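J.: Have a look at this one.
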Amino acid sequence: GDPDLAATSQLIVALADAGADLIEVGIPFSDPLADGPIIQRASGRALERGTTPAAVLEAMHRAARHTPVPLVVLSYWNPIVQYGNGRGRATDPRPFLREATRCGVSGLIVPDLPPEEAQGFREAADRIGISPVLLAAPTSPPPRLRQIARMSEGFIYYVSLTGTTGVRDRLSSDWLQGVRQLKLITTKPVCVGFGISTPAHAAAVARVADGVIVGSALLRVMEPYLRKKTALITRAVSFIRQFRRVV
């Protein structure tokens, strides 16, 4: 929804064509606790335009018709359980999951849902046919890593640092031991995100992890062009191609 939903659909297709293996689309939320200032600003602008979860899913649906690349939603828990609230309880994720599946979404990342509270969500997602992607971090002890590895489907999202998303000049090595631990206990892909800002960062991560997740750095490149949609898409594509060449 930033700068608008038509641009969201176009960006999904353009980034897939540029070599992205998977596209993560964030649903704007008023309290994005895991996100740094760049994503917070984008989320705020989208909300000001009246962007809703249903509208984001429809934008993804339009894009899914034009690309085979898997689409994943990142949403905080509140919008998920409030979705379709008029038709049921406000603690039920199934209306959102059903609509996401209809719109071509393959997986769902919920950064504020800990694994200890996620069993019901995971069971509902499994029945409906959408992969729950759980997050692990450098602060996750071995028993928790095993629990996350068991519950996550599609891939495991490993947070590279302790803190929020955002652009970093230097990539911390905090992620390295945790990724290696995960790869000893699971065959599921482990993808690393948070703070990956340059092709050099991505190349270093790709030597150990199975995937590299880039968000804030991409949005920073696009932010100056919010009123020039063609230039915005061109800049985004050029940026992703730099990462594709080294991963």
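Within each chain, counting starts at residue 1; across the structure tokens, chains are named A, B, ... in the order shown, with ligands numbered 1 upward in that order.
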Taking only range 70-172 of chain A into account, list the residues labelled strand (DSSP E) by DSSP (computed from the backbone), as a list in words.
T.: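 The residues of range 70-172 of chain A classed as strand (DSSP E) are Leu71, Val72, Val73, Leu74, Val105, Ser106, Gly107, Leu108, Ile109, Ser131, Pro132, Val133, Leu135, Ala136, Ile156, Tyr157, Tyr158 and Val159 of chain A.
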J.: Select from range 33-127 of chain A every residue with an atom at most 9 Å from any atom of range 217-230 of chain A, then for each give the shortest pair of atoms and their distance in Å to one decimal, using only C-alpha atoms, rows by chain and rising number, as a Markdown table.
T.:
```
| residue | atom | partner | partner_atom | distance |
| --- | --- | --- | --- | --- |
| A:Ile38 | CA | A:Arg220 | CA | 6.6 |
| A:Ile39 | CA | A:Leu219 | CA | 7.3 |
| A:Ala42 | CA | A:Leu219 | CA | 7.9 |
```
J.: Work out how far apart CA of Glu117 in chain A and CA of Leu184 in chain A are and give it in Å to one decimal.
T.: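 Result for CA of Glu117 in chain A versus CA of Leu184 in chain A: 25.0 Å, one decimal.
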J.: For the helix (DSSP H, G or I) assignment from backbone DSSP, which residues of range 11-95 of chain A qualify? Please present them as a compact mmCIF listing (two decimals) with C-alpha atoms, in the first residue's frame.
T.:
```txt
# COMPACT_ATOMS: atom_id res chain seq x y z
CA LEU A 11 6.40 -4.36 -7.54
CA ILE A 12 5.70 -7.99 -6.68
CA VAL A 13 5.83 -8.98 -10.35
CA ALA A 14 8.82 -6.75 -11.12
CA LEU A 15 10.89 -8.02 -8.17
CA ALA A 16 10.09 -11.62 -9.08
CA ASP A 17 11.22 -10.96 -12.66
CA PRO A 37 11.87 3.60 11.29
CA ILE A 38 11.93 2.89 7.54
CA ILE A 39 9.21 0.23 7.67
CA GLN A 40 7.33 2.21 10.32
CA ARG A 41 7.14 5.19 7.94
CA ALA A 42 5.97 3.00 5.05
CA SER A 43 3.34 1.37 7.24
CA GLY A 44 2.12 4.77 8.44
CA ARG A 45 1.81 6.12 4.91
CA ALA A 46 -0.15 3.05 3.81
CA LEU A 47 -2.53 3.36 6.76
CA GLU A 48 -3.08 7.04 6.00
CA PRO A 53 -5.61 -6.26 5.20
CA ALA A 54 -8.30 -7.28 2.70
CA ALA A 55 -7.01 -4.76 0.15
CA VAL A 56 -3.42 -6.00 0.57
CA LEU A 57 -4.51 -9.60 0.00
CA GLU A 58 -6.38 -8.58 -3.16
CA ALA A 59 -3.29 -6.76 -4.43
CA MET A 60 -1.31 -9.95 -3.87
CA HIS A 61 -4.01 -11.92 -5.64
CA ARG A 62 -3.68 -9.70 -8.72
CA ALA A 63 0.10 -10.17 -8.71
CA ALA A 64 -0.08 -13.93 -8.14
CA TRP A 77 -1.37 -10.99 15.26
CA ASN A 78 -4.07 -8.39 15.82
CA PRO A 79 -5.03 -7.82 12.15
CA ILE A 80 -5.14 -11.59 11.63
CA VAL A 81 -7.59 -12.35 14.43
CA GLN A 82 -9.67 -9.24 13.77
CA ASN A 85 -14.59 -10.35 13.16
CA GLY A 86 -18.22 -9.78 12.23
CA ARG A 87 -18.51 -13.44 11.25
CA ARG A 94 -9.14 -19.02 10.14
CA PRO A 95 -11.05 -16.32 8.17
```
J.: Compare A:Val192, A:Thr198, A:Ile185, A:Ala124 by their minimum atom-to-atom distance to Pro143 in chain A, counting only C-alpha atoms, and give me the closest one.
T.: A:Ile185
